[in-house]
file work22.pdb (PDB, C-alpha atoms, pLDDT in the B column)
ATOM      1  CA  MET X   1    -145.741 -92.414  54.643  1.00 93.00           C
ATOM      2  CA  LYS X   2    -145.373 -88.815  53.499  1.00 97.00           C
ATOM      3  CA  LYS X   3    -143.173 -86.390  55.365  1.00 98.00           C
ATOM      4  CA  ILE X   4    -144.897 -83.027  55.598  1.00 98.00           C
ATOM      5  CA  GLY X   5    -143.615 -79.678  56.843  1.00 98.00           C
ATOM      6  CA  ILE X   6    -145.592 -76.515  57.518  1.00 98.00           C
ATOM      7  CA  THR X   7    -144.086 -73.025  57.473  1.00 98.00           C
ATOM      8  CA  GLY X   8    -145.975 -70.784  59.850  1.00 95.00           C
ATOM      9  CA  GLN X   9    -146.943 -73.839  61.888  1.00 96.00           C
ATOM     10  CA  ASN X  10    -147.542 -71.716  64.996  1.00 95.00           C
ATOM     11  CA  GLY X  11    -149.995 -69.380  63.283  1.00 94.00           C
ATOM     12  CA  PHE X  12    -153.776 -69.647  63.072  1.00 95.00           C
ATOM     13  CA  THR X  13    -154.069 -71.992  60.084  1.00 97.00           C
ATOM     14  CA  GLY X  14    -150.686 -73.590  60.696  1.00 97.00           C
ATOM     15  CA  SER X  15    -151.336 -74.689  64.269  1.00 97.00           C
ATOM     16  CA  TYR X  16    -154.765 -76.083  63.408  1.00 97.00           C
ATOM     17  CA  LEU X  17    -153.352 -77.959  60.416  1.00 98.00           C
ATOM     18  CA  TYR X  18    -150.373 -79.239  62.427  1.00 98.00           C
ATOM     19  CA  ASN X  19    -152.628 -80.577  65.190  1.00 97.00           C
ATOM     20  CA  THR X  20    -154.975 -82.193  62.670  1.00 97.00           C
ATOM     21  CA  ILE X  21    -152.174 -83.920  60.767  1.00 98.00           C
ATOM     22  CA  SER X  22    -150.623 -85.119  64.032  1.00 97.00           C
ATOM     23  CA  LEU X  23    -153.660 -87.400  64.392  1.00 97.00           C
ATOM     24  CA  LEU X  24    -152.974 -89.046  61.006  1.00 97.00           C
ATOM     25  CA  LYS X  25    -149.885 -90.950  62.082  1.00 95.00           C
ATOM     26  CA  ASP X  26    -150.434 -93.774  59.569  1.00 95.00           C
ATOM     27  CA  GLU X  27    -150.261 -91.341  56.647  1.00 96.00           C
ATOM     28  CA  PHE X  28    -148.019 -88.449  57.570  1.00 97.00           C
ATOM     29  CA  GLN X  29    -144.879 -87.698  59.516  1.00 98.00           C
ATOM     30  CA  LEU X  30    -144.612 -84.056  60.540  1.00 98.00           C
ATOM     31  CA  ILE X  31    -141.263 -82.347  60.058  1.00 98.00           C
ATOM     32  CA  PRO X  32    -141.287 -79.469  62.573  1.00 97.00           C
ATOM     33  CA  PHE X  33    -140.425 -75.998  61.296  1.00 98.00           C
ATOM     34  CA  GLU X  34    -138.871 -73.055  63.118  1.00 96.00           C
ATOM     35  CA  LYS X  35    -139.183 -69.534  61.724  1.00 93.00           C
ATOM     36  CA  THR X  36    -135.465 -69.028  62.420  1.00 96.00           C
ATOM     37  CA  TYR X  37    -134.807 -71.361  59.454  1.00 97.00           C
ATOM     38  CA  PHE X  38    -135.586 -68.441  57.137  1.00 96.00           C
ATOM     39  CA  LYS X  39    -132.461 -66.728  58.493  1.00 95.00           C
ATOM     40  CA  ASN X  40    -130.205 -69.773  58.073  1.00 96.00           C
ATOM     41  CA  LYS X  41    -129.879 -71.133  54.537  1.00 95.00           C
ATOM     42  CA  ASN X  42    -128.302 -74.430  55.652  1.00 96.00           C
ATOM     43  CA  GLN X  43    -131.053 -75.149  58.157  1.00 97.00           C
ATOM     44  CA  LEU X  44    -133.740 -74.257  55.625  1.00 97.00           C
ATOM     45  CA  GLN X  45    -132.181 -76.480  52.952  1.00 97.00           C
ATOM     46  CA  HIS X  46    -131.915 -79.359  55.421  1.00 97.00           C
ATOM     47  CA  TRP X  47    -135.571 -78.938  56.372  1.00 98.00           C
ATOM     48  CA  VAL X  48    -136.695 -78.787  52.726  1.00 97.00           C
ATOM     49  CA  GLN X  49    -134.674 -81.940  51.939  1.00 97.00           C
ATOM     50  CA  GLN X  50    -136.612 -83.866  54.574  1.00 97.00           C
ATOM     51  CA  CYS X  51    -140.061 -82.916  53.245  1.00 98.00           C
ATOM     52  CA  ASP X  52    -142.125 -84.725  50.639  1.00 98.00           C
ATOM     53  CA  VAL X  53    -144.753 -82.009  51.055  1.00 98.00           C
ATOM     54  CA  ILE X  54    -144.304 -78.381  52.112  1.00 98.00           C
ATOM     55  CA  VAL X  55    -147.345 -76.333  53.108  1.00 98.00           C
ATOM     56  CA  HIS X  56    -146.225 -72.721  52.905  1.00 98.00           C
ATOM     57  CA  LEU X  57    -148.413 -70.666  55.240  1.00 97.00           C
ATOM     58  CA  ALA X  58    -145.849 -68.262  56.696  1.00 96.00           C
ATOM     59  CA  ALA X  59    -146.795 -64.728  55.707  1.00 94.00           C
ATOM     60  CA  MET X  60    -147.241 -61.212  57.034  1.00 91.00           C
ATOM     61  CA  ASN X  61    -150.850 -59.975  57.094  1.00 87.00           C
ATOM     62  CA  ARG X  62    -150.599 -56.667  58.939  1.00 84.00           C
ATOM     63  CA  HIS X  63    -148.000 -53.894  59.145  1.00 90.00           C
ATOM     64  CA  PRO X  64    -148.180 -50.081  59.153  1.00 91.00           C
ATOM     65  CA  ASP X  65    -146.208 -50.067  55.881  1.00 94.00           C
ATOM     66  CA  PRO X  66    -147.899 -52.143  53.129  1.00 92.00           C
ATOM     67  CA  GLN X  67    -144.611 -52.335  51.218  1.00 96.00           C
ATOM     68  CA  VAL X  68    -143.075 -54.245  54.133  1.00 95.00           C
ATOM     69  CA  ILE X  69    -145.924 -56.770  53.900  1.00 95.00           C
ATOM     70  CA  HIS X  70    -145.366 -57.172  50.160  1.00 96.00           C
ATOM     71  CA  ASP X  71    -141.590 -57.548  50.338  1.00 96.00           C
ATOM     72  CA  THR X  72    -141.674 -59.889  53.342  1.00 96.00           C
ATOM     73  CA  ASN X  73    -144.135 -62.278  51.690  1.00 97.00           C
ATOM     74  CA  ILE X  74    -142.189 -62.359  48.423  1.00 97.00           C
ATOM     75  CA  ASN X  75    -138.929 -62.980  50.282  1.00 97.00           C
ATOM     76  CA  LEU X  76    -140.404 -65.922  52.190  1.00 97.00           C
ATOM     77  CA  VAL X  77    -141.471 -67.545  48.924  1.00 98.00           C
ATOM     78  CA  THR X  78    -138.099 -66.993  47.258  1.00 98.00           C
ATOM     79  CA  GLU X  79    -136.302 -68.458  50.279  1.00 97.00           C
ATOM     80  CA  ILE X  80    -138.307 -71.688  49.997  1.00 98.00           C
ATOM     81  CA  ILE X  81    -137.697 -71.882  46.242  1.00 98.00           C
ATOM     82  CA  SER X  82    -133.966 -71.193  46.636  1.00 97.00           C
ATOM     83  CA  ALA X  83    -133.680 -73.897  49.296  1.00 97.00           C
ATOM     84  CA  ALA X  84    -135.437 -76.432  47.058  1.00 97.00           C
ATOM     85  CA  VAL X  85    -133.197 -75.582  44.097  1.00 97.00           C
ATOM     86  CA  ALA X  86    -130.005 -75.611  46.167  1.00 96.00           C
ATOM     87  CA  SER X  87    -130.845 -78.964  47.743  1.00 93.00           C
ATOM     88  CA  GLY X  88    -131.884 -80.501  44.415  1.00 94.00           C
ATOM     89  CA  THR X  89    -135.286 -81.573  45.720  1.00 95.00           C
ATOM     90  CA  GLN X  90    -138.782 -81.298  44.228  1.00 96.00           C
ATOM     91  CA  PRO X  91    -141.269 -81.500  47.099  1.00 97.00           C
ATOM     92  CA  GLN X  92    -144.934 -80.931  46.491  1.00 98.00           C
ATOM     93  CA  ILE X  93    -145.557 -77.336  47.590  1.00 98.00           C
ATOM     94  CA  ILE X  94    -148.992 -76.222  48.772  1.00 98.00           C
ATOM     95  CA  PHE X  95    -149.358 -72.444  49.034  1.00 98.00           C
ATOM     96  CA  THR X  96    -152.278 -70.547  50.503  1.00 97.00           C
ATOM     97  CA  SER X  97    -152.949 -67.360  48.609  1.00 96.00           C
ATOM     98  CA  SER X  98    -155.995 -65.173  49.138  1.00 95.00           C
ATOM     99  CA  ILE X  99    -159.065 -63.887  47.344  1.00 93.00           C
ATOM    100  CA  GLN X 100    -157.403 -60.504  47.880  1.00 92.00           C
ATOM    101  CA  GLU X 101    -155.317 -61.403  44.826  1.00 92.00           C
ATOM    102  CA  GLY X 102    -157.955 -59.587  42.806  1.00 83.00           C
ATOM    103  CA  LYS X 103    -157.802 -56.398  44.879  1.00 87.00           C
ATOM    104  CA  ASP X 104    -155.528 -53.425  44.380  1.00 87.00           C
ATOM    105  CA  ASN X 105    -153.465 -53.750  47.545  1.00 93.00           C
ATOM    106  CA  LEU X 106    -149.882 -54.818  48.178  1.00 94.00           C
ATOM    107  CA  TYR X 107    -150.875 -57.796  50.342  1.00 94.00           C
ATOM    108  CA  GLY X 108    -152.987 -59.246  47.547  1.00 94.00           C
ATOM    109  CA  LYS X 109    -150.274 -58.517  45.003  1.00 95.00           C
ATOM    110  CA  SER X 110    -147.682 -60.276  47.161  1.00 96.00           C
ATOM    111  CA  LYS X 111    -149.834 -63.403  47.391  1.00 96.00           C
ATOM    112  CA  LYS X 112    -150.461 -63.487  43.649  1.00 96.00           C
ATOM    113  CA  LYS X 113    -146.768 -62.961  42.888  1.00 97.00           C
ATOM    114  CA  GLY X 114    -145.835 -65.706  45.348  1.00 97.00           C
ATOM    115  CA  ARG X 115    -148.211 -68.117  43.650  1.00 97.00           C
ATOM    116  CA  THR X 116    -146.736 -67.213  40.264  1.00 97.00           C
ATOM    117  CA  LEU X 117    -143.165 -67.785  41.495  1.00 98.00           C
ATOM    118  CA  PHE X 118    -144.018 -71.217  42.872  1.00 98.00           C
ATOM    119  CA  ALA X 119    -145.797 -72.138  39.627  1.00 98.00           C
ATOM    120  CA  GLU X 120    -142.725 -71.132  37.617  1.00 98.00           C
ATOM    121  CA  TRP X 121    -140.488 -73.209  39.906  1.00 98.00           C
ATOM    122  CA  ALA X 122    -142.745 -76.256  39.499  1.00 97.00           C
ATOM    123  CA  GLU X 123    -142.763 -75.935  35.713  1.00 97.00           C
ATOM    124  CA  LYS X 124    -138.998 -75.509  35.495  1.00 97.00           C
ATOM    125  CA  TYR X 125    -137.954 -78.205  37.974  1.00 96.00           C
ATOM    126  CA  GLY X 126    -140.761 -80.734  37.654  1.00 93.00           C
ATOM    127  CA  GLY X 127    -142.294 -80.179  41.073  1.00 93.00           C
ATOM    128  CA  LYS X 128    -145.933 -80.468  42.058  1.00 97.00           C
ATOM    129  CA  PHE X 129    -147.559 -77.220  43.145  1.00 98.00           C
ATOM    130  CA  VAL X 130    -150.972 -76.298  44.502  1.00 98.00           C
ATOM    131  CA  GLY X 131    -151.745 -72.577  44.577  1.00 98.00           C
ATOM    132  CA  MET X 132    -154.846 -72.252  46.736  1.00 98.00           C
ATOM    133  CA  ILE X 133    -156.850 -69.039  46.435  1.00 97.00           C
ATOM    134  CA  VAL X 134    -158.569 -69.045  49.813  1.00 97.00           C
ATOM    135  CA  PRO X 135    -161.601 -67.048  51.035  1.00 96.00           C
ATOM    136  CA  ASN X 136    -161.794 -65.513  54.526  1.00 95.00           C
ATOM    137  CA  VAL X 137    -160.924 -68.131  57.145  1.00 96.00           C
ATOM    138  CA  PHE X 138    -162.461 -68.203  60.625  1.00 96.00           C
ATOM    139  CA  GLY X 139    -162.457 -70.614  63.539  1.00 95.00           C
ATOM    140  CA  PRO X 140    -161.060 -71.355  67.002  1.00 93.00           C
ATOM    141  CA  PHE X 141    -157.835 -69.632  68.094  1.00 91.00           C
ATOM    142  CA  GLY X 142    -158.069 -66.974  65.408  1.00 92.00           C
ATOM    143  CA  LYS X 143    -156.131 -63.878  66.461  1.00 91.00           C
ATOM    144  CA  PRO X 144    -158.319 -60.787  66.975  1.00 92.00           C
ATOM    145  CA  PHE X 145    -157.455 -57.704  64.898  1.00 90.00           C
ATOM    146  CA  TYR X 146    -155.313 -59.951  62.695  1.00 88.00           C
ATOM    147  CA  ASN X 147    -156.881 -63.118  61.318  1.00 89.00           C
ATOM    148  CA  SER X 148    -160.573 -62.349  60.920  1.00 91.00           C
ATOM    149  CA  ALA X 149    -163.424 -60.040  61.805  1.00 93.00           C
ATOM    150  CA  VAL X 150    -165.083 -63.014  63.519  1.00 95.00           C
ATOM    151  CA  ALA X 151    -162.147 -63.354  65.931  1.00 95.00           C
ATOM    152  CA  THR X 152    -162.122 -59.602  66.537  1.00 95.00           C
ATOM    153  CA  PHE X 153    -165.844 -59.450  67.324  1.00 95.00           C
ATOM    154  CA  CYS X 154    -165.636 -62.469  69.643  1.00 94.00           C
ATOM    155  CA  HIS X 155    -162.745 -60.894  71.537  1.00 95.00           C
ATOM    156  CA  GLN X 156    -164.537 -57.556  71.881  1.00 95.00           C
ATOM    157  CA  LEU X 157    -167.840 -59.057  73.005  1.00 94.00           C
ATOM    158  CA  CYS X 158    -166.168 -61.316  75.561  1.00 93.00           C
ATOM    159  CA  ASN X 159    -164.412 -58.288  77.005  1.00 95.00           C
ATOM    160  CA  ASN X 160    -167.589 -56.187  77.101  1.00 92.00           C
ATOM    161  CA  GLU X 161    -166.337 -53.880  74.372  1.00 93.00           C
ATOM    162  CA  GLU X 162    -168.534 -52.361  71.692  1.00 91.00           C
ATOM    163  CA  PRO X 163    -167.545 -53.578  68.209  1.00 93.00           C
ATOM    164  CA  LYS X 164    -167.647 -51.045  65.399  1.00 90.00           C
ATOM    165  CA  ILE X 165    -168.167 -51.814  61.734  1.00 92.00           C
ATOM    166  CA  GLU X 166    -166.131 -49.620  59.418  1.00 87.00           C
ATOM    167  CA  THR X 167    -167.364 -51.190  56.177  1.00 88.00           C
ATOM    168  CA  ASP X 168    -170.365 -53.523  56.070  1.00 92.00           C
ATOM    169  CA  GLY X 169    -169.015 -55.706  53.278  1.00 91.00           C
ATOM    170  CA  LEU X 170    -170.097 -59.172  52.198  1.00 94.00           C
ATOM    171  CA  LEU X 171    -167.651 -61.775  53.501  1.00 94.00           C
ATOM    172  CA  LYS X 172    -167.070 -65.098  51.750  1.00 95.00           C
ATOM    173  CA  LEU X 173    -166.069 -67.483  54.488  1.00 97.00           C
ATOM    174  CA  ILE X 174    -164.597 -70.923  55.054  1.00 97.00           C
ATOM    175  CA  TYR X 175    -164.253 -72.648  58.435  1.00 98.00           C
ATOM    176  CA  ILE X 176    -160.703 -73.564  59.463  1.00 97.00           C
ATOM    177  CA  ASP X 177    -161.491 -77.288  59.700  1.00 98.00           C
ATOM    178  CA  GLU X 178    -162.861 -77.273  56.146  1.00 98.00           C
ATOM    179  CA  LEU X 179    -159.694 -75.626  54.840  1.00 98.00           C
ATOM    180  CA  ALA X 180    -157.460 -78.054  56.746  1.00 98.00           C
ATOM    181  CA  LYS X 181    -159.227 -81.015  55.141  1.00 98.00           C
ATOM    182  CA  ILE X 182    -158.771 -79.514  51.658  1.00 98.00           C
ATOM    183  CA  ILE X 183    -155.041 -79.014  52.283  1.00 98.00           C
ATOM    184  CA  ILE X 184    -154.647 -82.558  53.620  1.00 98.00           C
ATOM    185  CA  ASP X 185    -156.505 -84.013  50.631  1.00 98.00           C
ATOM    186  CA  ALA X 186    -154.219 -82.086  48.274  1.00 98.00           C
ATOM    187  CA  ALA X 187    -151.174 -83.597  49.993  1.00 98.00           C
ATOM    188  CA  ARG X 188    -152.731 -87.038  50.156  1.00 97.00           C
ATOM    189  CA  ASN X 189    -153.511 -87.071  46.426  1.00 96.00           C
ATOM    190  CA  ASN X 190    -150.267 -85.410  45.275  1.00 96.00           C
ATOM    191  CA  MET X 191    -152.322 -82.704  43.584  1.00 97.00           C
ATOM    192  CA  HIS X 192    -150.909 -80.293  41.024  1.00 97.00           C
ATOM    193  CA  ASN X 193    -153.027 -77.187  40.398  1.00 98.00           C
ATOM    194  CA  PRO X 194    -151.305 -73.783  40.238  1.00 97.00           C
ATOM    195  CA  GLU X 195    -154.654 -71.954  40.422  1.00 97.00           C
ATOM    196  CA  PHE X 196    -156.932 -73.850  42.786  1.00 98.00           C
ATOM    197  CA  LYS X 197    -159.856 -71.640  43.752  1.00 97.00           C
ATOM    198  CA  ILE X 198    -161.271 -72.747  47.104  1.00 97.00           C
ATOM    199  CA  ALA X 199    -165.022 -72.307  47.275  1.00 97.00           C
ATOM    200  CA  HIS X 200    -166.436 -70.440  50.248  1.00 97.00           C
ATOM    201  CA  THR X 201    -168.916 -72.395  52.352  1.00 97.00           C
ATOM    202  CA  SER X 202    -170.864 -69.469  53.814  1.00 96.00           C
ATOM    203  CA  GLU X 203    -171.499 -65.848  52.976  1.00 96.00           C
ATOM    204  CA  TYR X 204    -172.602 -63.073  55.333  1.00 96.00           C
ATOM    205  CA  TYR X 205    -172.447 -59.336  55.684  1.00 96.00           C
ATOM    206  CA  VAL X 206    -170.221 -58.140  58.512  1.00 96.00           C
ATOM    207  CA  SER X 207    -173.303 -56.723  60.284  1.00 95.00           C
ATOM    208  CA  GLN X 208    -175.016 -60.132  60.114  1.00 96.00           C
ATOM    209  CA  ILE X 209    -172.016 -61.811  61.719  1.00 96.00           C
ATOM    210  CA  LEU X 210    -171.913 -59.264  64.525  1.00 95.00           C
ATOM    211  CA  LYS X 211    -175.652 -59.564  65.150  1.00 96.00           C
ATOM    212  CA  GLN X 212    -175.380 -63.366  65.367  1.00 95.00           C
ATOM    213  CA  LEU X 213    -172.462 -63.200  67.790  1.00 95.00           C
ATOM    214  CA  GLN X 214    -174.314 -60.665  69.949  1.00 95.00           C
ATOM    215  CA  GLU X 215    -177.271 -63.072  70.115  1.00 94.00           C
ATOM    216  CA  PHE X 216    -174.933 -65.882  71.145  1.00 93.00           C
ATOM    217  CA  LYS X 217    -173.575 -63.718  73.953  1.00 90.00           C
ATOM    218  CA  ASN X 218    -177.063 -62.800  75.161  1.00 90.00           C
ATOM    219  CA  GLN X 219    -178.147 -66.434  75.158  1.00 91.00           C
ATOM    220  CA  TYR X 220    -175.165 -67.668  77.139  1.00 82.00           C
TER     221      TYR X 220
END
call {"tool": "encode", "arguments": {"input": "work22.pdb", "output": "structure tokens"}}
result
Amino acid sequence: MKKIGITGQNGFTGSYLYNTISLLKDEFQLIPFEKTYFKNKNQLQHWVQQCDVIVHLAAMNRHPDPQVIHDTNINLVTEIISAAVASGTQPQIIFTSSIQEGKDNLYGKSKKKGRTLFAEWAEKYGGKFVGMIVPNVFGPFGKPFYNSAVATFCHQLCNNEEPKIETDGLLKLIYIDELAKIIIDAARNNMHNPEFKIAHTSEYYVSQILKQLQEFKNQY
């Protein structure tokens, strides 16, 4: 039985993944994580020592200062690496980066740098690492104005607000349950792939998504 811990387990992807894995009691034992561990090196090392697999999801997505986003995300990665080195353990680490890696913004740069740091750790210390480059994720319990445009539109329509589209871009999407299954399979199979590009499973313009959600509201 593999012991698996999830940083950011109370977030959108983390909570869904945690609940899904909790049903697989014959395969996995969940090692609960508290975000306060990042402020206590001993607690973080103890947690890392217990894990065969670490899914690192904890990250900052939004902040008025993009530099804060960048520095926070890099620091979270380095804390996990430092804890693994200090405790002398080589857990499999699964990291969710973003397709924003290819964009010129500090969030995307922080995710790409984090993936690079984990890959370097794995090469140096003999760990297994999966660096997932993930498209836009949507699904139940997504946080409006934070996780996805889908969650934002649903929130606005349910509250009789009028959604506005700032940029009608083409979104490459994956449903949260599909992503959770990919992460679980990576842990199950002890995968090692520092640049694992996750394929999107649907593709729509923002205006198409809003139109569909408006139709759903009118129907129900």
call {"tool": "residues_around", "arguments": {"input": "work22.pdb", "residues": "range 41-45 of chain X", "least_positions_apart": "2", "cutoff": "6 Å", "atoms": "only C-alpha atoms", "output": "ChimeraX atom specification"}}
result
/X:37,47-48,83,87
call {"tool": "closest_residue", "arguments": {"input": "work22.pdb", "among": "X:Val206, X:His46, X:Gln212, X:Glu123", "to": "Lys164 in chain X", "atoms": "all atoms listed in the file"}}
result
X:Val206
call {"tool": "resolve_selection", "arguments": {"input": "work22.pdb", "expression": "the PyMOL selection byres ((chain X and resi 54) around 8)", "output": "tab-separated table (two decimals) with C-alpha atoms, keeping the file's coordinate frame"}}
result
chain	number	residue	atom	x	y	z
X	4	ILE	CA	-144.90	-83.03	55.60
X	5	GLY	CA	-143.62	-79.68	56.84
X	6	ILE	CA	-145.59	-76.52	57.52
X	7	THR	CA	-144.09	-73.03	57.47
X	48	VAL	CA	-136.70	-78.79	52.73
X	51	CYS	CA	-140.06	-82.92	53.24
X	52	ASP	CA	-142.12	-84.72	50.64
X	53	VAL	CA	-144.75	-82.01	51.06
X	55	VAL	CA	-147.34	-76.33	53.11
X	56	HIS	CA	-146.22	-72.72	52.90
X	91	PRO	CA	-141.27	-81.50	47.10
X	92	GLN	CA	-144.93	-80.93	46.49
X	93	ILE	CA	-145.56	-77.34	47.59
X	94	ILE	CA	-148.99	-76.22	48.77
call {"tool": "resolve_selection", "arguments": {"input": "work22.pdb", "expression": "the PyMOL selection byres ((chain X and resi 28) around 12)", "output": "list in words"}}
result
Met1, Lys2, Lys3, Ile4, Gly5, Tyr18, Asn19, Thr20, Ile21, Ser22, Leu23, Leu24, Lys25, Asp26, Glu27, Gln29, Leu30, Ile31, Cys51, Asp52, Val53, Ile184, Asp185, Ala187 and Arg188 of chain X
call {"tool": "atom_distance", "arguments": {"input": "work22.pdb", "atom1": "CA of Ala186 in chain X", "atom2": "CA of Phe129 in chain X"}}
result
9.7 Å
call {"tool": "closest_atom_pairs", "arguments": {"input": "work22.pdb", "of": "range 194-214 of chain X", "to": "range 110-122 of chain X", "cutoff": "12 Å", "atoms": "all atoms listed in the file", "output": "CSV"}}
result
residue,atom,partner,partner_atom,distance
X:Pro194,CA,X:Ala119,CA,5.8
X:Glu195,CA,X:Arg115,CA,8.2
X:Phe196,CA,X:Arg115,CA,10.5
call {"tool": "closest_residue", "arguments": {"input": "work22.pdb", "among": "X:Ile198, X:Ile133, X:Ile209, X:Ala180", "to": "Ser15 in chain X", "atoms": "all atoms listed in the file"}}
result
X:Ala180
call {"tool": "axis_aligned_box", "arguments": {"input": "work22.pdb", "around": "range 157-170 of chain X", "padding_each_side": "5 Å", "output": "JSON"}}
result
{"center_x": -167.4, "center_y": -55.5, "center_z": 64.6, "size_x": 16.0, "size_y": 21.7, "size_z": 34.9}
call {"tool": "closest_residue", "arguments": {"input": "work22.pdb", "among": "X:Lys128, X:Lys35, X:Lys109, X:His155", "to": "Gln90 in chain X", "atoms": "only C-alpha atoms"}}
result
X:Lys128
call {"tool": "resolve_selection", "arguments": {"input": "work22.pdb", "expression": "the PyMOL selection byres ((chain X and resi 98) around 7)", "output": "number ranges by chain"}}
result
X: 96-97, 99-101, 108, 111, 133-135
call {"tool": "atom_distance", "arguments": {"input": "work22.pdb", "atom1": "CA of Cys154 in chain X", "atom2": "CA of Ile174 in chain X"}}
result
16.9 Å
call {"tool": "residues_near_point", "arguments": {"input": "work22.pdb", "point": "(-145.6, -69.7, 58.1)", "cutoff": "7 Å", "atoms": "only C-alpha atoms", "output": "VMD selection string"}}
result
chain X and resid 6 to 9 11 14 56 to 59
call {"tool": "write_last_selection", "arguments": {"input": "work22.pdb", "atoms": "C-alpha atoms", "output": "CSV table (one decimal), in the coordinates of the input"}}
result
chain,number,residue,atom,x,y,z
X,6,ILE,CA,-145.6,-76.5,57.5
X,7,THR,CA,-144.1,-73.0,57.5
X,8,GLY,CA,-146.0,-70.8,59.8
X,9,GLN,CA,-146.9,-73.8,61.9
X,11,GLY,CA,-150.0,-69.4,63.3
X,14,GLY,CA,-150.7,-73.6,60.7
X,56,HIS,CA,-146.2,-72.7,52.9
X,57,LEU,CA,-148.4,-70.7,55.2
X,58,ALA,CA,-145.8,-68.3,56.7
X,59,ALA,CA,-146.8,-64.7,55.7
call {"tool": "atom_distance", "arguments": {"input": "work22.pdb", "atom1": "CA of Glu215 in chain X", "atom2": "CA of His200 in chain X"}}
result
23.8 Å
call {"tool": "decode", "arguments": {"input": "work22.pdb", "residues": "range 50-69 of chain X", "atoms": "N, CA and C atoms", "output": "short mmCIF file (atom, residue, chain, number, x, y, z; two decimals), in the first residue's frame"}}
result
data_model
loop_
_atom_site.label_atom_id
_atom_site.label_comp_id
_atom_site.auth_asym_id
_atom_site.auth_seq_id
_atom_site.Cartn_x
_atom_site.Cartn_y
_atom_site.Cartn_z
N GLN X 50 7.02 10.34 5.77
CA GLN X 50 5.92 9.36 5.81
C GLN X 50 5.38 9.01 4.42
N CYS X 51 5.70 9.84 3.42
CA CYS X 51 5.06 9.71 2.10
C CYS X 51 5.90 8.91 1.11
N ASP X 52 5.25 7.96 0.46
CA ASP X 52 5.86 7.31 -0.70
C ASP X 52 5.66 8.17 -1.95
N VAL X 53 4.54 8.89 -1.96
CA VAL X 53 4.18 9.75 -3.08
C VAL X 53 3.74 11.11 -2.52
N ILE X 54 4.27 12.18 -3.11
CA ILE X 54 3.82 13.53 -2.77
C ILE X 54 3.24 14.16 -4.03
N VAL X 55 2.00 14.61 -3.94
CA VAL X 55 1.39 15.37 -5.03
C VAL X 55 1.43 16.83 -4.61
N HIS X 56 2.27 17.60 -5.28
CA HIS X 56 2.44 19.01 -4.89
C HIS X 56 1.51 19.89 -5.72
N LEU X 57 0.42 20.31 -5.08
CA LEU X 57 -0.58 21.15 -5.71
C LEU X 57 -0.61 22.56 -5.12
N ALA X 58 -0.07 22.72 -3.92
CA ALA X 58 -0.12 24.02 -3.25
C ALA X 58 0.55 25.08 -4.11
N ALA X 59 -0.17 26.15 -4.37
CA ALA X 59 0.37 27.23 -5.20
C ALA X 59 -0.52 28.46 -5.05
N MET X 60 0.05 29.61 -5.40
CA MET X 60 -0.73 30.84 -5.45
C MET X 60 -1.06 31.15 -6.90
N ASN X 61 -2.34 31.38 -7.19
CA ASN X 61 -2.79 31.68 -8.55
C ASN X 61 -3.06 33.16 -8.79
N ARG X 62 -3.51 33.85 -7.75
CA ARG X 62 -3.92 35.24 -7.90
C ARG X 62 -3.32 36.10 -6.79
N HIS X 63 -2.88 37.29 -7.15
CA HIS X 63 -2.40 38.28 -6.18
C HIS X 63 -2.21 39.58 -6.95
N PRO X 64 -2.45 40.73 -6.30
CA PRO X 64 -2.26 42.00 -7.00
C PRO X 64 -0.83 42.19 -7.53
N ASP X 65 0.14 41.60 -6.84
CA ASP X 65 1.55 41.71 -7.25
C ASP X 65 2.02 40.38 -7.85
N PRO X 66 2.23 40.31 -9.16
CA PRO X 66 2.66 39.06 -9.79
C PRO X 66 3.97 38.51 -9.23
N GLN X 67 4.84 39.39 -8.74
CA GLN X 67 6.11 38.93 -8.18
C GLN X 67 5.88 38.09 -6.92
N VAL X 68 4.85 38.45 -6.16
CA VAL X 68 4.50 37.67 -4.96
C VAL X 68 4.07 36.27 -5.36
N ILE X 69 3.29 36.16 -6.43
CA ILE X 69 2.87 34.85 -6.94
C ILE X 69 4.10 34.02 -7.30
#
